Amino acid sequence: MARRVPAPLILTLAFLVFLIGLLLVGSLLVRSILTESFADAEQTRAARIVAADAMRAQLDEETGVRGYAATRDPILLAPYYEGMASLPRLLRRVRAAVETLRVREAVPLVDDAADTNRRWLARVANPLRAGKKRGHVLQLRGKILIDRFRIDMGAIDRLLAQDARLGDARAERAIAWANVFALGAVLAVAVASALFTIQQYRLGTRLEQERAKSEQQRRRSASMRAAFEAEKRIADTLQEAFAQRVLPELPAVRFSATYVPATEEAKIGGDWYDALQLSQDRVLLSIGDVAGHGIEAAVAMNKARQMVTSCGLVDPTPGSILECVNAELIADGSPMITAIAGVIDARTFEFAYAGAGHPAPVLLEPGRRARFLQVGSMPLGIDAGAAYPTHRVKIVPGAMLVLYTDGAIEHSRNVLEGETLLLEAVEAAAENRADDPAKAIRDGIFSRHRVSDDVAILTICFVEPVATAGAPNAAALRRTA
Amino acid sequence: MSSGNSITTIRLSGELEISRKQEIRDALRRSSEDRAILIDLADVTYADSIALTELLRFCVSAQREAIPVALLVQTPQFARVVEYAGLAGAFKTFNDRDAAFTYLTVAGKE
């Protein structure tokens with residue numbers, strides 16, 4: 001089985017990759033917003049300090065000048081000079097800062113403050129330092145200008161403070177977003193873990209099923225192998241038993257037989273043939289087939305074969321033998337069996353037989369076409385009341401009688417075709433004067449067909465008085481004469 | 001299975017073999033209402049020994065209860081099997097459907 005990555009696993013992985021990407025982009029965004037807003041806040045704070053310094057410098061200037069104007073003590077001008085030295089630089093820094101911070105409304109205020117300072121220096125500080133009269137007018141004007149400066153710086157500070165608040169709000173939003181992303185990350189990890197766990201569980205279940213299935217298959221194949229081996233042993237045993245079976249040898253009658261177990265192991269086991277010499281001239285024959293297969297069929301077959309013998313020893317009339325066997329089989333609850341029981345008399349050249357649902361025997365007489373003998377009674381083991389009439393046929397010297405099981409004619413499932421092929425094979429075997437007619441007939445049939453079912457063939461050749469020579473045949477001739 | 005004129009018809013077709021044992025057994029199920037039974041085997045071409053056993057046992061059991069059974073066999077190859085398997089000798093076998101019905105109608109009234 002090809003190993004494929006399950007679709008849910010791919011989906012889980014894709015989902016994770018997507019989430020990681022989203023989180024990465026989000027965190028970078030939040031980080032940049034935070035960095036920017038922290039930098040802005042720092043700059044705003046610095047600008048407000050510088051603005052406050054500028055305010056202080058202006059007040060220092062003013063305090064210095066006022067002190068000097070009142071006392072004329074030059075030492076009091078020190079803060080004035082310091083303020084004058086630092087104020088333009090401080091205002092430039094404030095201007096630069098508000099421009100950088102994009103607090104545009106503050107720019108004209110800074111310019112106005114610088115301008116106010118210049119005007120205060122020119123119109124108030126310098127005249128006061130020079131000791132001009134009307135000091136209180138100058139001081140009043142100075143107060144107005146300083147107030148204007150203070151208002152400008154106050155406004156600048158408020159704008160910067162407002163900007164700082166905006167920056168804080170941005171930072172808060174960024175932090176809120178960061179929280180959202182963090183929460184998203186936690187959720188994503190939770191979802192991914194859940195998906196992964198489900199996936200693992202499913203894989204585990206499937207793995208368990210596969211394992212159970214393969215274990216079941218292993219057991220099944222083991223039991224099939226065991227069954228096959230059992231069938232094989234039956235086949236081997238049967239074949240061996242048939243091979244070892246010694247057929248009677250009579251001067252006037254020659255037997256030959258063959259047994260082929262089914263190639264499909266399941267069909268082995270139900271066929272038999274037998275030939276038992278009852279007296280010097282009489283031979284009891286039987287051939288049969290148990291419905292079914294396997295050990296059960298093999299056991300039933302052996303039982304039926306022995307029943308034919310035991311019944312035949314009590315009353316060797318074929319019809320009586322089958323009636324006797326039928327009664328015993330029904331009492332036994334045996335499976336259905338088809339059979340032919342027959343008695344060959346080598347002295348009278350008579351074949352007496354009875355059939356029980358079994359394919360008809362073939363008789364081939366010299367100079368004639370092979371033909372089927374009459375049959376047609378019920379198989380054994382079905383009906384206790386079944387009658388098995390005995391048929392009697394006179395056999396001419398040189399004739400051949402062929403008994404067989406259904407495997408010999410049912411190979412193509414068309415019995416008529418099978419029978420035609422059998423008759424041809426029988427005629428060919430006789431024409432070729434085959435040493436082993438049973439084998440020749442079997443080969444004739446199965447040169448073109450597979451042996452799917454068991455096949456047993458038993459041939460009985462009645463010796464041709466003219467064509468043969470030798471003491472046994474002469475004896476046979478004498479007996480028939 | 002269908003009933004008409006109190007004749008039950010059981011129809012089987014094709015090759016009857018061991019693999020269809022259960023189907024055959026199910027088809028050949030007796031009912032207490034059966035008065036006469038036609039086993040329609042017109043399309044059957046072959047039956048193995050297991051299928052024949054089922055058919056034979058069914059016919060024997062019907063016969064024991066004096067329920068007339070007729071077999072309709074039309075393919076020549078199956079007719080030959082029926083002949084040597086002993087069905088033809090033990091049970092009424094027809095190759096003509098009307099003749100089978102006529103027999104069952106008459107026999108069913110007796």
# chains A, B, ... in the order shown; residues from 1 in each chain; ligands from 1
call {"tool": "closest_atom_pairs", "arguments": {"of": "chain B", "to": "chain A", "cutoff": "7 Å", "atoms": "only C-alpha atoms", "output": "Markdown table"}}
result
| residue | atom | partner | partner_atom | distance |
| --- | --- | --- | --- | --- |
| B:Tyr46 | CA | A:Arg413 | CA | 6.0 |
| B:Ser49 | CA | A:Ala291 | CA | 5.3 |
| B:Ile50 | CA | A:Ala291 | CA | 5.8 |
| B:Thr53 | CA | A:Met336 | CA | 6.3 |
| B:Arg57 | CA | A:Ile382 | CA | 6.2 |
| B:Val60 | CA | A:Asp383 | CA | 6.7 |
| B:Gln77 | CA | A:Leu416 | CA | 5.2 |
| B:Val81 | CA | A:Val415 | CA | 7.0 |
| B:Glu83 | CA | A:Gly376 | CA | 5.8 |
| B:Tyr84 | CA | A:Gly376 | CA | 4.5 |
| B:Ala85 | CA | A:Gly357 | CA | 3.6 |
| B:Gly86 | CA | A:Ser377 | CA | 4.1 |
| B:Leu87 | CA | A:Met378 | CA | 6.6 |
| B:Gly89 | CA | A:Gly376 | CA | 6.0 |
| B:Ala90 | CA | A:Met378 | CA | 6.9 |
call {"tool": "select_by_dssp", "arguments": {"residues": "range 30-99 of chain B", "states": "strand (DSSP E or B)", "output": "list of chain:residue names"}}
result
B:Ala36, B:Ile37, B:Leu38, B:Ile39, B:Asp40, B:Leu41, B:Ala42, B:Asp43, B:Val44, B:Thr45, B:Tyr46, B:Ala47, B:Val69, B:Ala70, B:Leu71, B:Leu72, B:Val73, B:Lys92, B:Thr93, B:Phe94
call {"tool": "residues_around", "arguments": {"residues": "Asp60 in chain A", "least_positions_apart": "6", "cutoff": "10 Å", "atoms": "only C-alpha atoms", "output": "compact mmCIF listing (two decimals) with C-alpha atoms, in the first residue's frame"}}
result
# COMPACT_ATOMS: atom_id res chain seq x y z
CA ALA A 54 14.35 78.75 27.34
CA ARG A 66 15.57 94.55 36.38
CA LEU A 77 23.79 91.37 34.91
CA ALA A 78 25.47 87.92 35.01
CA PRO A 79 22.15 85.97 34.62
CA TYR A 80 21.19 88.41 31.83
CA TYR A 81 24.36 87.57 29.87
CA GLU A 82 23.99 83.85 30.49
CA GLY A 83 20.40 83.96 29.36
CA MET A 84 21.28 85.99 26.31
call {"tool": "select_by_dssp", "arguments": {"residues": "range 200-311 of chain A", "states": "alpha helix (DSSP H)", "output": "MDAnalysis selection string"}}
result
chainID A and resid 200:244 294:311
call {"tool": "residues_around", "arguments": {"residues": "range 15-28 of chain B", "least_positions_apart": "4", "cutoff": "6 Å", "atoms": "only C-alpha atoms", "output": "number ranges by chain"}}
result
B: 44-48, 50-51
call {"tool": "write_last_selection", "arguments": {"atoms": "C-alpha atoms", "output": "PDB file, in the first residue's frame"}}
result
ATOM      1  CA  VAL B  44     -30.329 -24.590 -16.113  1.00  0.00           C
ATOM      2  CA  THR B  45     -27.375 -25.969 -18.039  1.00  0.00           C
ATOM      3  CA  TYR B  46     -25.471 -27.758 -15.312  1.00  0.00           C
ATOM      4  CA  ALA B  47     -25.768 -28.883 -11.712  1.00  0.00           C
ATOM      5  CA  ASP B  48     -23.024 -30.275  -9.547  1.00  0.00           C
ATOM      6  CA  ILE B  50     -24.203 -30.542  -4.165  1.00  0.00           C
ATOM      7  CA  ALA B  51     -26.969 -28.804  -6.143  1.00  0.00           C
TER       8      ALA B  51
END
